[in-house]
file run-v3.txt (compact mmCIF, C-alpha atoms)
# COMPACT_ATOMS: atom_id res chain seq x y z
CA MET G 1 -45.76 -245.11 27.49
CA PRO G 2 -47.01 -241.49 27.69
CA ARG G 3 -44.81 -238.88 29.38
CA GLY G 4 -46.02 -235.78 31.19
CA LEU G 5 -45.17 -232.98 33.63
CA VAL G 6 -46.60 -232.91 37.18
CA VAL G 7 -48.13 -229.44 37.57
CA LYS G 8 -50.13 -229.94 40.78
CA SER G 9 -49.95 -232.31 43.72
CA THR G 10 -52.24 -232.88 46.67
CA GLY G 11 -50.22 -235.82 47.94
CA ILE G 12 -52.96 -238.18 46.76
CA HIS G 13 -53.80 -236.88 43.31
CA TYR G 14 -51.43 -235.49 40.72
CA TRP G 15 -52.37 -233.35 37.74
CA VAL G 16 -50.13 -234.32 34.83
CA LYS G 17 -49.83 -232.21 31.70
CA SER G 18 -49.19 -234.45 28.71
CA GLU G 19 -46.76 -233.54 25.96
CA SER G 20 -49.78 -232.70 23.79
CA GLY G 21 -51.15 -230.32 26.45
CA LEU G 22 -53.89 -232.59 27.86
CA MET G 23 -54.41 -232.33 31.64
CA ILE G 24 -54.86 -235.73 33.31
CA GLN G 25 -55.63 -236.39 36.98
CA CYS G 26 -53.46 -239.29 38.12
CA THR G 27 -52.84 -241.43 41.16
CA VAL G 28 -49.79 -243.48 42.13
CA ARG G 29 -49.81 -247.24 42.17
CA GLY G 30 -49.45 -248.55 45.71
CA LYS G 31 -46.25 -250.50 45.08
CA MET G 32 -44.47 -247.40 43.85
CA ARG G 33 -45.74 -245.29 46.74
CA THR G 34 -44.01 -247.46 49.37
CA GLN G 35 -40.98 -248.73 47.49
CA GLY G 36 -38.13 -247.37 49.59
CA ILE G 37 -39.24 -243.74 49.32
CA LYS G 38 -38.71 -241.97 52.63
CA SER G 39 -40.68 -238.86 51.74
CA THR G 40 -44.16 -237.51 52.33
CA ASN G 41 -44.37 -236.96 48.57
CA PRO G 42 -42.52 -239.44 46.35
CA ILE G 43 -43.71 -237.35 43.40
CA ALA G 44 -43.39 -233.55 43.34
CA VAL G 45 -44.48 -230.68 41.16
CA GLY G 46 -41.90 -230.31 38.41
CA ASP G 47 -41.36 -234.05 38.03
CA TRP G 48 -41.48 -235.66 34.59
CA VAL G 49 -43.38 -238.93 34.87
CA ASN G 50 -44.57 -241.85 32.80
CA TYR G 51 -48.19 -242.87 33.17
CA VAL G 52 -50.92 -245.17 31.93
CA HIS G 53 -53.88 -243.21 30.57
CA ASP G 54 -57.47 -244.36 31.02
CA SER G 55 -59.03 -242.29 28.24
CA GLN G 56 -62.54 -243.47 29.06
CA HIS G 57 -62.45 -241.86 32.49
CA GLU G 58 -59.85 -239.16 31.65
CA SER G 59 -57.65 -240.38 34.48
CA GLY G 60 -54.33 -242.11 34.81
CA ASN G 61 -51.84 -244.02 36.95
CA ILE G 62 -48.26 -242.84 37.31
CA THR G 63 -45.89 -245.75 36.80
CA SER G 64 -42.46 -244.13 37.14
CA VAL G 65 -40.66 -240.86 37.81
CA GLU G 66 -37.82 -239.76 35.54
CA THR G 67 -34.46 -238.92 37.10
CA ARG G 68 -34.51 -235.41 38.57
CA LYS G 69 -31.79 -232.90 37.81
CA ASN G 70 -32.35 -231.41 41.29
CA TYR G 71 -34.98 -230.72 43.93
CA ILE G 72 -35.60 -228.53 46.95
CA ILE G 73 -36.12 -230.65 50.04
CA ARG G 74 -36.67 -230.03 53.74
CA LYS G 75 -37.47 -232.00 56.86
CA SER G 76 -41.09 -233.01 56.97
CA THR G 77 -43.43 -232.10 59.79
CA ASN G 78 -44.81 -235.64 59.40
CA LEU G 79 -42.79 -237.60 61.96
CA SER G 80 -43.34 -240.90 60.13
CA LYS G 81 -41.38 -239.68 57.11
CA GLN G 82 -37.98 -238.09 56.68
CA SER G 83 -38.45 -235.43 54.05
CA HIS G 84 -40.74 -233.30 51.96
CA ILE G 85 -39.81 -232.33 48.40
CA ILE G 86 -40.97 -228.78 47.71
CA ALA G 87 -40.34 -228.86 43.94
CA ALA G 88 -38.29 -230.78 41.39
CA ASN G 89 -36.25 -229.90 38.29
CA VAL G 90 -35.92 -226.27 39.35
CA ASP G 91 -34.00 -223.76 37.21
CA LEU G 92 -34.32 -220.89 39.70
CA ALA G 93 -35.63 -220.38 43.23
CA PHE G 94 -36.99 -217.12 44.58
CA LEU G 95 -36.97 -216.90 48.36
CA VAL G 96 -39.54 -214.26 49.23
CA VAL G 97 -38.51 -212.24 52.29
CA THR G 98 -40.46 -209.71 54.34
CA LEU G 99 -39.22 -207.53 57.17
CA SER G 100 -42.36 -207.95 59.25
CA ILE G 101 -45.90 -209.30 59.21
CA PRO G 102 -44.59 -211.95 58.75
CA GLU G 103 -40.97 -211.60 59.77
CA THR G 104 -38.38 -213.67 57.91
CA THR G 105 -35.41 -214.52 60.13
CA ARG G 106 -31.80 -214.59 58.99
CA MET G 107 -31.59 -218.25 60.05
CA PHE G 108 -34.53 -219.15 57.82
CA ILE G 109 -32.84 -217.43 54.88
CA ASP G 110 -29.51 -219.14 55.50
CA ARG G 111 -31.03 -222.59 55.97
CA PHE G 112 -32.84 -222.26 52.66
CA LEU G 113 -29.67 -221.08 50.92
CA VAL G 114 -27.65 -223.99 52.31
CA SER G 115 -30.19 -226.51 51.05
CA ALA G 116 -30.31 -224.85 47.63
CA GLU G 117 -26.50 -224.81 47.41
CA ALA G 118 -26.40 -228.52 48.24
CA TYR G 119 -28.71 -229.32 45.32
CA HIS G 120 -27.17 -226.80 42.88
CA ILE G 121 -30.21 -224.53 42.65
CA PRO G 122 -29.59 -220.80 41.99
CA VAL G 123 -31.43 -218.54 44.45
CA VAL G 124 -32.53 -214.93 44.23
CA LEU G 125 -33.81 -213.13 47.34
CA LEU G 126 -37.00 -211.18 46.74
CA PHE G 127 -37.64 -208.50 49.34
CA ASN G 128 -41.38 -207.99 48.90
CA LYS G 129 -43.85 -205.33 50.15
CA MET G 130 -41.39 -202.48 49.66
CA ASP G 131 -44.35 -200.08 49.25
CA LEU G 132 -45.26 -200.65 52.91
CA TYR G 133 -41.92 -199.85 54.53
CA GLN G 134 -40.69 -196.69 56.22
CA PRO G 135 -37.32 -195.16 55.20
CA GLN G 136 -35.49 -196.77 58.12
CA ASP G 137 -36.91 -200.17 57.13
CA ILE G 138 -35.79 -199.71 53.53
CA GLU G 139 -32.31 -198.85 54.78
CA ARG G 140 -32.20 -202.12 56.75
CA ILE G 141 -33.33 -204.10 53.73
CA GLU G 142 -30.79 -202.45 51.43
CA SER G 143 -28.03 -203.26 53.92
CA LEU G 144 -29.12 -206.90 54.15
CA ALA G 145 -29.51 -207.22 50.38
CA GLN G 146 -25.94 -205.99 49.94
CA ILE G 147 -24.64 -208.61 52.38
CA TYR G 148 -26.12 -211.36 50.20
CA ARG G 149 -25.06 -209.73 46.93
CA ASN G 150 -21.50 -209.66 48.22
CA ILE G 151 -21.50 -213.46 48.51
CA GLY G 152 -23.13 -214.02 45.13
CA TYR G 153 -26.89 -214.00 45.74
CA ASP G 154 -28.85 -211.57 43.61
CA SER G 155 -31.36 -209.60 45.70
CA ILE G 156 -34.29 -207.65 44.29
CA GLN G 157 -36.61 -205.27 46.11
CA ILE G 158 -40.14 -205.59 44.79
CA SER G 159 -43.75 -204.80 45.47
CA ALA G 160 -46.35 -207.21 44.15
CA HIS G 161 -48.98 -204.56 44.87
CA ILE G 162 -47.56 -201.86 42.56
CA LYS G 163 -45.30 -204.12 40.46
CA THR G 164 -42.04 -202.50 41.48
CA ASN G 165 -39.03 -204.00 39.63
CA TYR G 166 -41.19 -206.53 37.81
CA GLN G 167 -39.19 -206.19 34.61
CA ALA G 168 -36.09 -207.46 36.44
CA LEU G 169 -38.18 -210.29 37.82
CA THR G 170 -39.61 -211.42 34.50
CA ASP G 171 -36.23 -211.18 32.76
CA LEU G 172 -34.82 -213.70 35.24
CA MET G 173 -37.81 -216.05 35.07
CA ARG G 174 -38.28 -216.26 31.32
CA TYR G 175 -37.94 -219.79 29.83
CA LYS G 176 -37.38 -221.34 33.25
CA PHE G 177 -39.02 -223.47 35.91
CA THR G 178 -39.02 -221.01 38.83
CA VAL G 179 -40.18 -221.84 42.34
CA LEU G 180 -41.40 -219.30 44.89
CA ALA G 181 -40.74 -220.19 48.53
CA GLY G 182 -41.13 -218.43 51.86
CA HIS G 183 -43.38 -218.05 54.87
CA SER G 184 -47.15 -217.81 54.53
CA GLY G 185 -48.15 -214.21 53.97
CA VAL G 186 -44.98 -212.98 52.25
CA GLY G 187 -46.92 -212.53 49.01
CA LYS G 188 -46.01 -215.50 46.80
CA SER G 189 -49.44 -215.81 45.20
CA SER G 190 -49.69 -212.03 44.79
CA ILE G 191 -46.36 -212.03 42.96
CA ILE G 192 -47.68 -214.64 40.52
CA ASN G 193 -50.94 -212.75 40.00
CA ALA G 194 -48.91 -209.67 39.11
CA LEU G 195 -47.04 -211.70 36.48
CA ASN G 196 -50.25 -212.74 34.79
CA SER G 197 -53.61 -211.42 36.02
CA ASN G 198 -55.43 -214.25 34.22
CA LEU G 199 -54.10 -216.71 36.80
CA ASN G 200 -56.13 -215.01 39.56
CA LEU G 201 -54.68 -217.03 42.44
CA LYS G 202 -56.42 -216.75 45.78
CA VAL G 203 -54.71 -214.47 48.30
CA ASN G 204 -55.48 -213.93 51.95
CA LYS G 205 -54.91 -211.28 54.59
CA ILE G 206 -52.30 -211.52 57.32
CA SER G 207 -53.53 -212.72 60.71
CA LEU G 208 -53.26 -209.58 62.83
CA ALA G 209 -53.59 -211.65 66.00
CA HIS G 210 -50.38 -213.58 65.29
CA LEU G 211 -48.71 -211.35 62.66
CA THR G 212 -48.30 -214.41 60.46
CA GLY G 213 -49.65 -215.46 57.12
CA LYS G 214 -52.54 -217.82 56.55
CA HIS G 215 -52.02 -220.85 54.35
CA THR G 216 -53.77 -219.60 51.20
CA THR G 217 -51.82 -221.97 48.95
CA THR G 218 -52.53 -225.47 50.26
CA PHE G 219 -50.74 -227.52 47.63
CA ALA G 220 -47.80 -226.88 45.35
CA GLU G 221 -48.91 -225.94 41.84
CA MET G 222 -47.12 -224.95 38.64
CA HIS G 223 -48.51 -222.11 36.50
CA GLN G 224 -47.54 -221.16 32.98
CA TRP G 225 -47.37 -217.38 32.89
CA GLU G 226 -45.73 -217.02 29.49
CA ASP G 227 -44.66 -219.30 26.64
CA GLN G 228 -42.13 -221.83 28.02
CA SER G 229 -42.05 -219.93 31.33
CA TYR G 230 -43.42 -221.61 34.45
CA VAL G 231 -43.64 -220.63 38.10
CA ILE G 232 -44.36 -222.95 41.02
CA ASP G 233 -46.41 -221.59 43.91
CA THR G 234 -45.77 -223.44 47.17
CA PRO G 235 -47.49 -223.56 50.56
CA GLY G 236 -45.95 -221.32 53.18
CA ILE G 237 -43.06 -222.79 55.15
CA ARG G 238 -43.02 -222.05 58.87
CA ALA G 239 -39.58 -223.56 59.44
CA PHE G 240 -36.94 -224.89 57.08
CA GLY G 241 -35.39 -228.02 58.55
CA LEU G 242 -32.21 -229.30 56.93
CA LEU G 243 -32.04 -232.97 56.03
CA ASP G 244 -29.19 -235.48 55.87
CA PHE G 245 -26.34 -233.00 56.32
CA LYS G 246 -23.15 -233.93 58.13
CA LYS G 247 -21.89 -231.07 60.24
CA GLU G 248 -18.57 -231.11 58.39
CA GLU G 249 -20.41 -230.35 55.13
CA PHE G 250 -22.03 -227.06 56.11
CA ALA G 251 -18.95 -224.93 55.41
CA GLN G 252 -18.92 -225.86 51.72
CA TYR G 253 -22.46 -224.48 51.32
CA PHE G 254 -21.50 -221.03 52.62
CA PRO G 255 -19.77 -219.40 49.61
CA GLU G 256 -17.86 -216.88 51.72
CA ILE G 257 -16.51 -219.63 53.98
CA LEU G 258 -15.65 -221.81 51.01
CA LYS G 259 -13.73 -218.88 49.51
CA TRP G 260 -11.34 -218.55 52.45
CA SER G 261 -11.09 -222.13 53.74
CA PRO G 262 -8.25 -223.20 51.35
CA ASP G 263 -6.02 -220.72 53.21
CA CYS G 264 -6.63 -222.33 56.61
CA ARG G 265 -3.63 -223.95 58.30
CA PHE G 266 -5.44 -227.29 58.61
CA GLN G 267 -7.10 -228.95 55.63
CA ASN G 268 -10.00 -230.23 57.76
CA CYS G 269 -10.49 -226.94 59.61
CA THR G 270 -14.02 -226.57 60.99
CA HIS G 271 -13.58 -222.79 61.46
CA ILE G 272 -14.74 -223.20 65.04
CA HIS G 273 -11.69 -223.58 67.28
CA GLU G 274 -8.59 -224.32 65.19
CA PRO G 275 -5.56 -221.97 65.10
CA GLY G 276 -4.53 -220.47 61.78
CA CYS G 277 -8.11 -220.31 60.50
CA ALA G 278 -8.31 -218.04 57.45
CA VAL G 279 -12.11 -217.91 57.70
CA LYS G 280 -11.98 -216.44 61.22
CA ALA G 281 -9.32 -214.01 60.07
CA ALA G 282 -11.64 -212.85 57.27
CA LEU G 283 -14.44 -212.57 59.83
CA ASN G 284 -12.26 -210.36 62.05
CA ARG G 285 -11.44 -208.16 59.06
CA GLY G 286 -15.16 -207.70 58.36
CA GLU G 287 -15.03 -209.68 55.10
CA ILE G 288 -17.54 -212.24 56.37
CA ASP G 289 -20.88 -211.16 57.84
CA GLU G 290 -20.97 -211.91 61.57
CA ILE G 291 -24.57 -213.16 61.66
CA ARG G 292 -24.01 -215.45 58.67
CA PHE G 293 -21.01 -216.92 60.52
CA GLN G 294 -23.04 -217.32 63.72
CA ASN G 295 -25.71 -219.14 61.71
CA TYR G 296 -23.03 -221.43 60.29
CA GLN G 297 -21.91 -222.24 63.82
CA ALA G 298 -25.51 -222.83 64.93
CA MET G 299 -26.04 -225.30 62.07
CA TYR G 300 -22.73 -227.01 62.86
CA PHE G 301 -23.74 -227.54 66.48
CA GLY G 302 -27.39 -228.29 65.67
CA ASP G 303 -28.74 -225.17 67.34
CA ASP G 304 -31.87 -223.44 66.07
CA ASP G 305 -30.85 -219.80 66.22
CA LYS G 306 -33.41 -217.09 65.49
CA HIS G 307 -31.44 -214.12 64.14
CA ARG G 308 -33.85 -211.52 62.92
CA LEU G 309 -33.47 -209.25 59.93
call {"tool": "encode", "arguments": {"input": "run-v3.txt", "output": "structure tokens"}}
result
Amino acid sequence: MPRGLVVKSTGIHYWVKSESGLMIQCTVRGKMRTQGIKSTNPIAVGDWVNYVHDSQHESGNITSVETRKNYIIRKSTNLSKQSHIIAANVDLAFLVVTLSIPETTRMFIDRFLVSAEAYHIPVVLLFNKMDLYQPQDIERIESLAQIYRNIGYDSIQISAHIKTNYQALTDLMRYKFTVLAGHSGVGKSSIINALNSNLNLKVNKISLAHLTGKHTTTFAEMHQWEDQSYVIDTPGIRAFGLLDFKKEEFAQYFPEILKWSPDCRFQNCTHIHEPGCAVKAALNRGEIDEIRFQNYQAMYFGDDDKHRL
């Protein structure tokens, strides 16, 4: 049975690139669509699938999805389903961050990082639109970038408009499946256009009335920008809801908490109220960022904090 890569998904139709390079528009057989899959999209961009090809009509039916090595998932806004898979089989995720118009909150960043940690996906923070910021804004971004570098997350300051630091970007992305995520309006499609102008993805202006981005990218789509190098453009995410986490698990997805927790007096320390907590001691010494720790507590208690950059 033919095998191919899902490069675009509308939720109803899937564009599958065959191993010979042929692009085939496929649908999913009804039985597979409902067979115990609690997701708005049982098939995601980045999936390797098997399909039956109707060569007469240049269409196909997807019959099965191969086992994924990982995926990025979040709570769905569709209340009838549990989850939405943003992309599958990801080698690297770029979380695109902007200081304003639109603003990316610290909680949004940390929720995304927790989910990526849980599914073993490396993340790099891309601080975009650096050409638009004033010196005091750049100072804030550099300070924030250093906080995340200190705990192991590479952070790059870029400008899609003038291609600042694009060599560093392309060096990281080469020969990988890379996904771009972030709010609408942070410049994901512009970043891809700057990688390869032939792609010519549609971009849109920020809504000045609401200081938020418009949903230019409606569906997830994978683009080949160089030989064996692919990038997945995703629709903007307004909120990143975490799925199927037990509150006791959150600490292991914060690298700086995980670093100090073996030194806690109690093996099952939650780092909330127990005496002899090495994590809180590190926090008091300034070795753990206070807002990151507050976000950990908010996730533990199920609060939706809104720490800004």
call {"tool": "residues_around", "arguments": {"input": "run-v3.txt", "residues": "Cys269 (chain G)", "least_positions_apart": "2", "cutoff": "12 Å", "atoms": "all atoms listed in the file", "output": "PyMOL selection string"}}
result
chain G and resi 248-249+251-252+257-258+260-267+271-280
call {"tool": "atom_distance", "arguments": {"input": "run-v3.txt", "atom1": "CA of Arg3 (chain G)", "atom2": "CA of Ile43 (chain G)"}}
result
14.1 Å
call {"tool": "closest_atom_pairs", "arguments": {"input": "run-v3.txt", "of": "region 120-203 of chain G", "to": "region 87-97 of chain G", "cutoff": "12 Å", "atoms": "only C-alpha atoms", "output": "CSV"}}
result
residue,atom,partner,partner_atom,distance
G:His120,CA,G:Asp91,CA,9.4
G:Ile121,CA,G:Leu92,CA,6.2
G:Pro122,CA,G:Leu92,CA,5.3
G:Val123,CA,G:Ala93,CA,4.7
G:Val124,CA,G:Phe94,CA,5.0
G:Leu125,CA,G:Leu95,CA,5.0
G:Leu126,CA,G:Val96,CA,4.7
G:Phe127,CA,G:Val97,CA,4.8
G:Asn128,CA,G:Val97,CA,6.1
G:Lys129,CA,G:Val97,CA,9.0
G:Met130,CA,G:Val97,CA,10.5
G:Ile141,CA,G:Val97,CA,9.8
G:Leu144,CA,G:Val97,CA,11.0
G:Ala145,CA,G:Val97,CA,10.5
G:Tyr153,CA,G:Phe94,CA,10.6
G:Asp154,CA,G:Phe94,CA,9.9
G:Ser155,CA,G:Phe94,CA,9.5
G:Ile156,CA,G:Val96,CA,9.8
G:Gln157,CA,G:Val97,CA,9.5
G:Ile158,CA,G:Val96,CA,9.8
G:Ser159,CA,G:Val96,CA,11.0
G:Ala160,CA,G:Val96,CA,11.0
G:Leu169,CA,G:Phe94,CA,9.7
G:Thr170,CA,G:Phe94,CA,11.9
G:Leu172,CA,G:Leu92,CA,8.5
G:Met173,CA,G:Leu92,CA,7.6
G:Arg174,CA,G:Leu92,CA,10.4
G:Tyr175,CA,G:Asp91,CA,9.3
G:Lys176,CA,G:Asp91,CA,5.7
G:Phe177,CA,G:Asp91,CA,5.2
G:Thr178,CA,G:Leu92,CA,4.8
G:Val179,CA,G:Ala93,CA,4.9
G:Leu180,CA,G:Phe94,CA,4.9
G:Ala181,CA,G:Leu95,CA,5.0
G:Gly182,CA,G:Val96,CA,5.2
G:His183,CA,G:Val96,CA,7.8
G:Ser184,CA,G:Val96,CA,9.9
G:Gly185,CA,G:Val96,CA,9.8
G:Val186,CA,G:Val96,CA,6.4
G:Gly187,CA,G:Val96,CA,7.6
G:Lys188,CA,G:Val96,CA,7.0
G:Ser189,CA,G:Val96,CA,10.8
G:Ser190,CA,G:Val96,CA,11.3
G:Ile191,CA,G:Val96,CA,9.5
G:Ile192,CA,G:Phe94,CA,11.7
call {"tool": "write_last_selection", "arguments": {"input": "run-v3.txt", "atoms": "C-alpha atoms", "output": "PDB file, in the coordinates of the input"}}
result
ATOM      1  CA  HIS G 120     -27.170-226.800  42.880  1.00  0.00           C
ATOM      2  CA  ILE G 121     -30.210-224.530  42.650  1.00  0.00           C
ATOM      3  CA  PRO G 122     -29.590-220.800  41.990  1.00  0.00           C
ATOM      4  CA  VAL G 123     -31.430-218.540  44.450  1.00  0.00           C
ATOM      5  CA  VAL G 124     -32.530-214.930  44.230  1.00  0.00           C
ATOM      6  CA  LEU G 125     -33.810-213.130  47.340  1.00  0.00           C
ATOM      7  CA  LEU G 126     -37.000-211.180  46.740  1.00  0.00           C
ATOM      8  CA  PHE G 127     -37.640-208.500  49.340  1.00  0.00           C
ATOM      9  CA  ASN G 128     -41.380-207.990  48.900  1.00  0.00           C
ATOM     10  CA  LYS G 129     -43.850-205.330  50.150  1.00  0.00           C
ATOM     11  CA  MET G 130     -41.390-202.480  49.660  1.00  0.00           C
ATOM     12  CA  ILE G 141     -33.330-204.100  53.730  1.00  0.00           C
ATOM     13  CA  LEU G 144     -29.120-206.900  54.150  1.00  0.00           C
ATOM     14  CA  ALA G 145     -29.510-207.220  50.380  1.00  0.00           C
ATOM     15  CA  TYR G 153     -26.890-214.000  45.740  1.00  0.00           C
ATOM     16  CA  ASP G 154     -28.850-211.570  43.610  1.00  0.00           C
ATOM     17  CA  SER G 155     -31.360-209.600  45.700  1.00  0.00           C
ATOM     18  CA  ILE G 156     -34.290-207.650  44.290  1.00  0.00           C
ATOM     19  CA  GLN G 157     -36.610-205.270  46.110  1.00  0.00           C
ATOM     20  CA  ILE G 158     -40.140-205.590  44.790  1.00  0.00           C
ATOM     21  CA  SER G 159     -43.750-204.800  45.470  1.00  0.00           C
ATOM     22  CA  ALA G 160     -46.350-207.210  44.150  1.00  0.00           C
ATOM     23  CA  LEU G 169     -38.180-210.290  37.820  1.00  0.00           C
ATOM     24  CA  THR G 170     -39.610-211.420  34.500  1.00  0.00           C
ATOM     25  CA  LEU G 172     -34.820-213.700  35.240  1.00  0.00           C
ATOM     26  CA  MET G 173     -37.810-216.050  35.070  1.00  0.00           C
ATOM     27  CA  ARG G 174     -38.280-216.260  31.320  1.00  0.00           C
ATOM     28  CA  TYR G 175     -37.940-219.790  29.830  1.00  0.00           C
ATOM     29  CA  LYS G 176     -37.380-221.340  33.250  1.00  0.00           C
ATOM     30  CA  PHE G 177     -39.020-223.470  35.910  1.00  0.00           C
ATOM     31  CA  THR G 178     -39.020-221.010  38.830  1.00  0.00           C
ATOM     32  CA  VAL G 179     -40.180-221.840  42.340  1.00  0.00           C
ATOM     33  CA  LEU G 180     -41.400-219.300  44.890  1.00  0.00           C
ATOM     34  CA  ALA G 181     -40.740-220.190  48.530  1.00  0.00           C
ATOM     35  CA  GLY G 182     -41.130-218.430  51.860  1.00  0.00           C
ATOM     36  CA  HIS G 183     -43.380-218.050  54.870  1.00  0.00           C
ATOM     37  CA  SER G 184     -47.150-217.810  54.530  1.00  0.00           C
ATOM     38  CA  GLY G 185     -48.150-214.210  53.970  1.00  0.00           C
ATOM     39  CA  VAL G 186     -44.980-212.980  52.250  1.00  0.00           C
ATOM     40  CA  GLY G 187     -46.920-212.530  49.010  1.00  0.00           C
ATOM     41  CA  LYS G 188     -46.010-215.500  46.800  1.00  0.00           C
ATOM     42  CA  SER G 189     -49.440-215.810  45.200  1.00  0.00           C
ATOM     43  CA  SER G 190     -49.690-212.030  44.790  1.00  0.00           C
ATOM     44  CA  ILE G 191     -46.360-212.030  42.960  1.00  0.00           C
ATOM     45  CA  ILE G 192     -47.680-214.640  40.520  1.00  0.00           C
TER      46      ILE G 192
END
call {"tool": "atom_distance", "arguments": {"input": "run-v3.txt", "atom1": "CA of Leu5 (chain G)", "atom2": "CA of Asp47 (chain G)"}}
result
5.9 Å
call {"tool": "residues_around", "arguments": {"input": "run-v3.txt", "residues": "region 64-77 of chain G", "least_positions_apart": "6", "cutoff": "7 Å", "atoms": "all atoms listed in the file", "output": "list in words"}}
result
Asp47, Trp48, Val49, Asn50, Ser83, His84, Ile85, Ile86, Ala87, Ala88, Asn89, Val90, Ala116, Tyr119, Phe240, Gly241, Leu242 and Leu243 of chain G
call {"tool": "closest_residue", "arguments": {"input": "run-v3.txt", "among": "G:Asp289, G:Gly236, G:Gly60, G:Lys163", "to": "Pro102 (chain G)", "atoms": "all atoms listed in the file"}}
result
G:Gly236
call {"tool": "residues_around", "arguments": {"input": "run-v3.txt", "residues": "region 13-22 of chain G", "least_positions_apart": "5", "cutoff": "12 Å", "atoms": "all atoms listed in the file", "output": "count of residues only"}}
result
37
call {"tool": "atom_distance", "arguments": {"input": "run-v3.txt", "atom1": "CA of Ala282 (chain G)", "atom2": "CA of Ile151 (chain G)"}}
result
13.2 Å
call {"tool": "closest_residue", "arguments": {"input": "run-v3.txt", "among": "G:Phe245, G:Ile237, G:Asn196, G:Ser9", "to": "Thr104 (chain G)", "atoms": "all atoms listed in the file"}}
result
G:Ile237
